[in-house]
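This is target-v2.cif (mmCIF, C-alpha atoms).
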data_my_file
#
loop_
_atom_site.label_atom_id
_atom_site.label_comp_id
_atom_site.auth_asym_id
_atom_site.auth_seq_id
_atom_site.Cartn_x
_atom_site.Cartn_y
_atom_site.Cartn_z
CA MET H 1 0.00 0.00 0.00
CA THR H 2 1.05 3.61 -0.55
CA VAL H 3 1.25 5.23 2.86
CA ALA H 4 0.52 8.93 3.28
CA PRO H 5 -0.64 11.38 5.97
CA GLY H 6 -4.38 11.29 6.51
CA GLN H 7 -4.66 7.64 5.54
CA VAL H 8 -6.82 5.49 7.80
CA VAL H 9 -5.29 2.27 9.13
CA GLY H 10 -7.59 0.30 11.34
CA ASP H 11 -9.12 2.96 13.56
CA ALA H 12 -6.13 5.29 13.35
CA VAL H 13 -5.42 8.27 11.10
CA LEU H 14 -1.77 8.57 10.07
CA ILE H 15 -0.06 11.89 10.83
CA HIS H 16 3.65 11.58 9.98
CA PRO H 17 6.34 8.88 9.83
CA LEU H 18 8.50 8.20 12.86
CA GLN H 19 10.82 5.68 11.25
CA ASP H 20 11.18 3.92 7.94
CA GLY H 21 13.19 0.73 7.56
CA GLY H 22 13.65 -2.21 5.26
CA MET H 23 11.02 -4.33 7.01
CA GLY H 24 8.43 -1.60 7.43
CA SER H 25 7.56 1.81 8.75
CA VAL H 26 6.19 3.31 11.93
CA TRP H 27 3.87 6.30 11.91
CA MET H 28 2.53 8.64 14.52
CA ALA H 29 -1.25 8.63 14.31
CA THR H 30 -4.44 9.58 16.11
CA HIS H 31 -6.81 6.87 17.20
CA ARG H 32 -10.32 7.96 16.26
CA ARG H 33 -12.26 6.13 18.97
CA LEU H 34 -9.78 6.67 21.79
CA GLY H 35 -8.83 10.21 20.82
CA ARG H 36 -5.18 9.65 21.69
CA ALA H 37 -1.84 9.59 19.90
CA VAL H 38 -0.67 6.12 18.88
CA ALA H 39 2.12 4.45 16.91
CA VAL H 40 1.17 2.47 13.82
CA LYS H 41 3.60 -0.14 12.55
CA LEU H 42 3.17 -1.29 8.94
CA LEU H 43 4.88 -4.19 7.19
CA ALA H 44 6.80 -3.05 4.11
CA LYS H 45 5.20 -3.62 0.73
CA ASP H 46 8.08 -5.87 -0.38
CA HIS H 47 7.40 -8.26 2.52
CA VAL H 48 3.62 -8.41 2.42
CA THR H 49 3.74 -11.45 0.13
CA SER H 50 6.29 -13.26 2.31
CA PRO H 51 4.55 -15.86 4.53
CA SER H 52 7.43 -15.88 7.06
CA ALA H 53 7.55 -12.07 7.28
CA THR H 54 3.80 -11.73 7.81
CA GLU H 55 3.81 -14.60 10.30
CA ARG H 56 6.57 -12.95 12.33
CA PHE H 57 4.72 -9.63 12.19
CA PHE H 58 1.54 -11.10 13.64
CA LEU H 59 3.50 -13.23 16.08
CA GLU H 60 4.97 -10.02 17.52
CA ALA H 61 1.46 -8.59 17.85
CA ARG H 62 0.19 -11.70 19.65
CA ILE H 63 3.22 -11.85 21.92
CA ILE H 64 3.00 -8.24 23.06
CA SER H 65 -0.76 -8.49 23.59
CA GLN H 66 -0.25 -11.54 25.83
CA ILE H 67 2.47 -10.05 28.04
CA SER H 68 1.04 -8.34 31.08
CA SER H 69 3.64 -5.78 32.16
CA PRO H 70 3.80 -1.99 32.36
CA HIS H 71 7.27 -2.32 30.84
CA VAL H 72 6.02 -3.73 27.52
CA PRO H 73 4.12 -1.58 24.97
CA GLU H 74 0.33 -1.65 25.07
CA VAL H 75 -1.26 -3.23 22.00
CA ILE H 76 -4.37 -1.34 20.94
CA GLU H 77 -5.24 -3.08 17.71
CA TYR H 78 -3.77 -5.19 14.94
CA GLY H 79 -5.00 -6.59 11.68
CA VAL H 80 -4.79 -6.21 7.91
CA THR H 81 -5.68 -3.20 5.76
CA PRO H 82 -8.15 -3.64 2.86
CA ASP H 83 -5.24 -4.08 0.45
CA GLY H 84 -3.65 -6.81 2.62
CA THR H 85 -0.96 -4.88 4.52
CA PRO H 86 -0.46 -6.11 8.11
CA PHE H 87 -0.55 -3.37 10.75
CA LEU H 88 -0.01 -3.07 14.49
CA ILE H 89 -1.26 -0.14 16.59
CA LEU H 90 0.58 0.48 19.84
CA ALA H 91 0.56 3.08 22.59
CA LEU H 92 2.89 5.94 21.68
CA LEU H 93 5.92 6.29 23.97
CA ASP H 94 7.17 9.86 24.43
CA GLY H 95 10.82 9.33 25.26
CA VAL H 96 14.24 8.34 23.98
CA THR H 97 16.04 5.04 23.63
CA LEU H 98 18.61 4.04 26.20
CA ALA H 99 21.18 4.21 23.41
CA GLN H 100 20.24 7.84 22.73
CA TRP H 101 20.41 8.66 26.42
CA ILE H 102 23.91 7.23 26.78
CA GLU H 103 25.04 9.07 23.66
CA GLN H 104 23.66 12.37 24.94
CA HIS H 105 24.49 12.13 28.65
CA GLY H 106 27.11 9.46 29.11
CA ARG H 107 27.24 6.53 31.50
CA LEU H 108 24.54 5.74 34.03
CA THR H 109 25.07 5.55 37.77
CA VAL H 110 24.85 2.28 39.68
CA ARG H 111 21.54 3.42 41.10
CA GLN H 112 20.14 4.08 37.64
CA VAL H 113 21.28 0.68 36.39
CA ALA H 114 19.70 -1.00 39.42
CA SER H 115 16.40 0.69 38.56
CA LEU H 116 16.76 -0.29 34.90
CA LEU H 117 17.44 -3.95 35.75
CA ASP H 118 14.44 -4.06 38.08
CA GLN H 119 12.18 -2.80 35.29
CA LEU H 120 13.66 -5.14 32.68
CA ALA H 121 13.05 -7.97 35.14
CA GLY H 122 9.37 -6.98 35.08
CA ALA H 123 9.20 -7.04 31.28
CA LEU H 124 11.30 -10.14 30.67
CA GLY H 125 9.95 -12.00 33.69
CA ALA H 126 6.43 -11.69 32.28
CA ALA H 127 7.65 -12.68 28.81
CA HIS H 128 9.67 -15.65 30.03
CA ALA H 129 6.69 -16.90 32.07
CA LEU H 130 4.84 -17.24 28.76
CA GLY H 131 7.75 -19.01 27.10
CA VAL H 132 8.76 -15.94 25.10
CA VAL H 133 12.46 -15.22 24.48
CA HIS H 134 13.06 -11.68 23.22
CA ARG H 135 16.43 -12.36 21.52
CA ASP H 136 17.24 -8.70 20.89
CA VAL H 137 17.60 -6.89 24.22
CA THR H 138 19.74 -3.86 23.38
CA PRO H 139 19.88 -0.18 24.41
CA SER H 140 18.14 0.69 21.13
CA ASN H 141 15.18 -1.48 22.13
CA ILE H 142 14.70 0.07 25.56
CA ILE H 143 12.69 3.29 25.76
CA LEU H 144 13.07 5.66 28.71
CA THR H 145 10.22 8.00 29.55
CA HIS H 146 9.69 10.33 32.48
CA THR H 147 7.64 9.28 35.48
CA ARG H 148 6.05 10.75 38.60
CA GLY H 149 5.39 13.99 36.77
CA THR H 150 9.08 14.81 36.36
CA ARG H 151 10.82 16.09 33.26
CA GLY H 152 14.51 16.62 32.71
CA ALA H 153 16.80 16.65 35.73
CA CYS H 154 15.06 15.92 39.00
CA ALA H 155 15.80 15.17 42.62
CA ASP H 156 15.18 11.46 42.10
CA GLU H 157 17.69 10.64 39.38
CA ALA H 158 16.35 7.10 38.96
CA ALA H 159 12.82 8.33 38.21
CA PHE H 160 12.46 6.98 34.68
CA HIS H 161 10.15 4.39 33.21
CA ALA H 162 11.75 1.75 30.98
CA THR H 163 9.83 -0.07 28.25
CA LEU H 164 11.20 -3.02 26.32
CA ILE H 165 10.16 -2.84 22.67
CA ASP H 166 10.60 -4.72 19.38
CA PHE H 167 9.57 -8.35 19.81
CA GLY H 168 9.93 -8.74 16.05
CA ILE H 169 12.41 -11.64 16.28
CA ALA H 170 11.13 -13.06 19.56
CA LYS H 171 10.76 -16.79 19.94
CA TRP H 172 7.55 -18.11 21.50
CA ARG H 173 8.38 -21.63 22.50
CA HIS H 174 4.75 -22.61 23.11
CA ALA H 175 3.44 -21.22 19.82
CA GLY H 176 5.56 -23.05 17.27
CA SER H 177 7.60 -19.96 16.39
CA ALA H 178 10.83 -21.95 16.51
CA ALA H 179 9.90 -23.26 13.07
CA LEU H 180 10.33 -19.73 11.72
CA THR H 181 14.05 -19.86 12.56
CA ARG H 182 16.05 -22.40 10.57
CA PRO H 183 19.04 -24.05 12.27
CA GLY H 184 22.15 -21.94 11.69
CA THR H 185 20.15 -18.74 11.14
CA THR H 186 21.43 -15.96 13.37
CA LEU H 187 18.93 -13.35 14.54
CA GLY H 188 19.81 -10.44 16.78
CA THR H 189 22.36 -7.69 17.28
CA PRO H 190 25.89 -9.21 17.33
CA ASP H 191 27.34 -7.20 20.26
CA TYR H 192 24.43 -8.32 22.45
CA MET H 193 24.16 -11.94 21.35
CA SER H 194 25.06 -14.81 23.65
CA PRO H 195 27.46 -17.50 22.40
CA GLU H 196 24.61 -19.95 21.78
CA GLN H 197 22.55 -17.34 19.93
CA LEU H 198 25.55 -16.38 17.84
CA GLU H 199 25.87 -20.03 16.81
CA GLY H 200 22.35 -19.94 15.40
CA SER H 201 21.13 -22.55 17.85
CA VAL H 202 17.37 -23.16 17.66
CA ASP H 203 17.15 -24.11 21.34
CA VAL H 204 18.05 -20.69 22.77
CA ASP H 205 16.05 -20.01 25.89
CA GLU H 206 15.57 -17.30 28.53
CA ARG H 207 19.26 -17.40 29.42
CA THR H 208 20.19 -15.72 26.15
CA ASP H 209 18.14 -12.68 27.29
CA ILE H 210 19.94 -12.79 30.64
CA TRP H 211 23.27 -12.61 28.82
CA SER H 212 22.04 -9.67 26.71
CA VAL H 213 20.86 -7.82 29.80
CA GLY H 214 24.35 -8.30 31.24
CA VAL H 215 25.84 -6.65 28.15
CA VAL H 216 23.35 -3.78 28.42
CA ALA H 217 24.33 -3.22 32.06
CA TYR H 218 28.03 -3.28 31.15
CA VAL H 219 27.48 -0.67 28.42
CA CYS H 220 25.46 1.50 30.82
CA LEU H 221 28.21 1.48 33.44
CA THR H 222 31.33 1.61 31.26
CA GLY H 223 30.15 3.21 28.04
CA ARG H 224 31.36 0.32 25.88
CA PRO H 225 30.40 -3.32 25.23
CA PRO H 226 32.37 -6.04 27.05
CA PHE H 227 33.32 -7.82 23.83
CA SER H 228 34.59 -6.19 20.66
CA GLY H 229 36.60 -6.84 17.52
CA GLU H 230 37.76 -4.96 14.46
CA THR H 231 35.96 -7.51 12.30
CA PHE H 232 32.85 -9.57 12.82
CA ARG H 233 35.01 -12.69 13.04
CA GLU H 234 37.04 -11.13 15.86
CA LEU H 235 33.85 -10.14 17.69
CA CYS H 236 32.60 -13.72 17.49
CA LEU H 237 35.90 -15.02 18.81
CA ALA H 238 35.85 -12.56 21.73
CA ILE H 239 32.31 -13.59 22.69
CA TYR H 240 33.12 -17.31 22.48
CA CYS H 241 36.28 -16.91 24.55
CA GLY H 242 34.33 -14.96 27.15
CA THR H 243 37.21 -12.80 28.36
CA PHE H 244 36.41 -9.17 29.07
CA THR H 245 37.88 -6.25 31.01
CA PRO H 246 36.43 -5.97 34.54
CA ALA H 247 34.06 -3.03 34.79
CA THR H 248 35.98 -1.62 37.76
CA ALA H 249 39.11 -1.41 35.60
CA LEU H 250 37.25 0.97 33.31
CA ARG H 251 35.46 2.88 36.06
CA GLY H 252 37.23 2.78 39.36
CA ALA H 253 34.37 4.22 41.41
CA LEU H 254 32.25 1.11 40.86
CA PRO H 255 31.84 -1.33 43.77
CA GLN H 256 34.29 -4.23 43.38
CA ALA H 257 31.52 -6.82 43.81
CA ILE H 258 30.01 -5.78 40.50
CA ASP H 259 32.86 -7.56 38.71
CA ALA H 260 31.67 -10.86 40.17
CA TRP H 261 28.13 -10.01 39.09
CA PHE H 262 29.27 -9.57 35.49
CA GLU H 263 31.20 -12.86 35.62
CA GLU H 264 27.93 -14.65 36.30
CA ALA H 265 25.77 -12.56 33.97
CA LEU H 266 28.17 -13.09 31.04
CA ALA H 267 29.14 -16.70 31.72
CA SER H 268 29.92 -18.54 28.49
CA GLU H 269 27.98 -21.60 29.61
CA ARG H 270 24.35 -20.66 30.03
CA ASN H 271 23.75 -22.97 32.97
CA ARG H 272 26.29 -20.87 34.91
CA ARG H 273 24.31 -17.66 34.48
CA PHE H 274 21.68 -16.26 36.81
CA GLY H 275 18.53 -18.34 36.92
CA SER H 276 16.23 -15.44 36.06
CA VAL H 277 16.32 -11.74 35.33
CA ALA H 278 14.66 -11.14 38.70
CA ALA H 279 17.50 -12.99 40.47
CA MET H 280 19.95 -11.06 38.33
CA SER H 281 18.40 -7.74 39.38
CA LYS H 282 18.42 -8.62 43.08
CA ALA H 283 22.04 -9.79 42.87
CA PHE H 284 23.01 -6.49 41.28
CA GLU H 285 21.46 -4.55 44.15
CA LEU H 286 23.45 -6.65 46.61
CA ALA H 287 26.65 -6.18 44.61
CA ALA H 288 26.07 -2.44 44.47
CA THR H 289 26.00 -2.21 48.26
CA ARG H 290 28.51 -4.94 49.10
CA LYS H 291 31.53 -2.94 47.91
CA ASN H 292 34.66 -4.97 48.68
CA ARG H 293 33.22 -7.60 51.00
CA ASP H 294 33.72 -11.18 49.88
CA THR H 295 34.59 -9.99 46.39
CA GLY H 296 37.66 -12.19 46.07
CA ARG H 297 35.79 -15.39 46.94
CA ALA H 298 32.88 -14.46 44.70
CA LEU H 299 35.15 -13.78 41.76
CA GLN H 300 36.99 -17.04 42.30
CA ARG H 301 33.70 -18.96 42.30
CA ARG H 302 32.30 -17.18 39.28
CA ARG H 303 35.23 -17.06 36.90
CA ARG H 304 34.61 -18.59 33.49
CA HIS H 305 33.09 -21.98 34.29
CA GLY H 306 33.02 -23.09 30.69
CA TRP H 307 35.96 -24.36 28.69
CA PRO H 308 39.41 -23.43 29.97
CA ALA H 309 40.24 -20.16 28.22
CA THR H 310 43.20 -21.49 26.20
CA ILE H 311 41.37 -24.59 24.98
CA ALA H 312 38.19 -22.64 24.27
CA CYS H 313 39.91 -19.95 22.22
CA ALA H 314 42.00 -22.48 20.33
CA ALA H 315 38.95 -24.58 19.46
CA VAL H 316 36.89 -21.59 18.48
CA GLY H 317 39.74 -20.07 16.49
CA ALA H 318 40.13 -23.30 14.52
CA GLY H 319 36.46 -23.64 13.70
CA LEU H 320 35.30 -20.06 13.62
CA GLY H 321 35.57 -19.77 9.85
CA ILE H 322 32.98 -22.50 9.46
CA ALA H 323 30.83 -21.42 12.39
CA VAL H 324 30.35 -17.86 11.19
CA ALA H 325 30.77 -18.28 7.45
CA GLY H 326 27.10 -17.55 6.90
CA LEU H 327 27.22 -14.53 9.17
CA VAL H 328 30.21 -12.65 7.83
CA ALA H 329 28.42 -11.78 4.64
CA SER H 330 25.77 -9.96 6.65
CA PRO H 331 27.09 -9.05 10.12
CA THR H 332 24.11 -6.94 11.01
CA THR H 333 20.94 -7.35 12.97
CA THR H 334 18.23 -9.39 11.30
CA HIS H 335 14.89 -7.88 12.28
CA ALA H 336 11.36 -8.80 11.39
CA ALA H 337 10.22 -5.22 11.86
CA SER H 338 11.61 -1.85 12.86
CA SER H 339 11.38 -0.94 16.50
CA PRO H 340 10.40 2.63 17.16
CA GLU H 341 7.11 2.78 19.03
CA THR H 342 8.46 6.14 20.13
CA ALA H 343 7.76 9.73 19.36
CA PRO H 344 10.59 12.08 18.37
CA SER H 345 12.07 13.66 21.46
CA ASN H 346 14.84 16.03 22.35
CA GLY H 347 15.54 13.96 25.44
CA VAL H 348 14.12 16.33 28.06
CA ALA H 349 11.23 13.97 28.71
CA VAL H 350 13.57 11.50 30.41
CA ALA H 351 14.10 12.07 34.07
CA VAL H 352 17.56 10.55 34.36
CA ALA H 353 20.40 12.68 35.63
CA PRO H 354 23.83 12.58 33.92
CA ASP H 355 26.51 10.49 35.58
CA ALA H 356 27.98 11.96 38.71
CA ASP H 357 28.99 9.60 41.51
CA ALA H 358 29.07 6.08 40.05
CA SER H 359 28.33 4.49 43.42
CA ARG H 360 24.97 6.19 43.84
#
For this file, produce the structure as C-alpha cells.
Amino acid sequence: MTVAPGQVVGDAVLIHPLQDGGMGSVWMATHRRLGRAVAVKLLAKDHVTSPSATERFFLEARIISQISSPHVPEVIEYGVTPDGTPFLILALLDGVTLAQWIEQHGRLTVRQVASLLDQLAGALGAAHALGVVHRDVTPSNIILTHTRGTRGACADEAAFHATLIDFGIAKWRHAGSAALTRPGTTLGTPDYMSPEQLEGSVDVDERTDIWSVGVVAYVCLTGRPPFSGETFRELCLAIYCGTFTPATALRGALPQAIDAWFEEALASERNRRFGSVAAMSKAFELAATRKNRDTGRALQRRRRHGWPATIACAAVGAGLGIAVAGLVASPTTTHAASSPETAPSNGVAVAVAPDADASR
C-alpha cells in the first residue's frame, strides 16, 4: 500500500512517519475512537507477500498483547488493511532510547542501572513466564520516559520508566515460532548476542536474554560493550572466549563486587548464568551495596566456568571460519520489523540525571 498522511489504518489516522526501515515503517497517528496519539507499525510492501515475514509480524502482535507488564508496549489493535498490509497499533511512547540517552548524557550511575534492571526484570519476567524469548535486548530497544510527573533533571535521578520494545524476532516456544528460525540462522544484534545465539542454535532459551541484559548493564556502566573486535570474526571469537575487562578497571568508582556479578551474567555456559532476570536484578542490588566484602571469593567462584580459556579460544579459532561463514556476509541485525514505538524527542522527557557519583 502507498502510505501517506491522513490515511486510515484500522481505527487510526496517520499523521507523519517516525521511522522507515527495510522491514516496514512506523507512523505517529491519532486513534479515532480513543482520541489519543498512537504508533502504527506497517509491514513493508516488499514483505507483504512473504509468509514468514507476515507470520513474524503477527507473532509479535500476539506476543506483546499476551504479556502483562507496564514495561512492555500496550497493544491497541492489529490486523490487515483492505489491500492486505499487516498493521499493528501500539501506545505511543514519548521518550528516547537508552542508546540515545547514553550518547547524549554518558554513563549511568549504579543506582540508575539497578532501577533499569528491576524494570527489565518486570518485562522479561512476564515474557519468560509465557515461554517468550526476546532475543534482541539492546539499548536501542529500551525506551526511557519520564515518570512521577518529572521532566529533565530531578531530585530522584532514577525516576524513569523503561519499556522493552521490538519483539519482532522473539521466539515463542509454546506457539511453534521456533519453526520460523532455521538451524544456523542468526537473529539479533551481534554485540548483544550470547554465544549460543551467535551459533544460530534453535534451542536458545531465557538465558540468552539474561546474557544480553548483562551486556546492556556493562554498556550502561562503562560506556562500551564487554566484547569487541575490528571484524565480525574477531567479535565472534571474543564472545566465544568470554574474556572481558572488569568493569571496575574501566570505572574505578564502581563497587568491586560488581565484577563478580558480570562474571555470572556473562558466563559462556548458560547454565552458569543467573537463573532469572529477577535474580539477576536482586544480585546487582546486593553487589552495588557490598563494595569490597567477599569480592575475592565471589570472583573465584564465578570465573569462566566453561571451557578453559586457552582450549576454548584455540577450538573456536580453529572452527570459527565455518561457524560464522554464513554470518560474515551480513554481520548486522536481522529484524522482522523496525522498532520505534516512540515519538521524536529532544531527550528532556527523560528524568535521568547525567553520571555523577558512580556508586549512587
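Across the structure, atom CA of His16 of chain H and atom CA of Val38 of chain H are spaced 11.3 Å apart.
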(message) I'd like the interatomic distance between atom CA of Pro195 of chain H and atom CA of Tyr240 of chain H, to a tenth of an Å.
(response) 5.7 Å
(request) Just give me the gap between atom CA of Ala114 of chain H and atom CA of Asn271 of chain H in Å, one decimal is fine. (result) 23.3 Å
(request) Would you kindly return, as a PyMOL selection string, each protein, DNA or RNA residue with an atom no farther than 10 Å from any atom of segment 61-68 of chain H, considering only C-alpha atoms and excluding same-chain residues fewer than 3 positions away? (result) chain H and resi 55-58+71-79+87-90+122-132+134+165-168+170-172+175
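By chain and then residue number, the residues within 7 Å of Trp261 of chain H are Ala257, Ile258, Glu264, Ala265, Phe284 and Ala287 of chain H, counting only C-alpha atoms and disregarding those fewer than 3 positions away in sequence.
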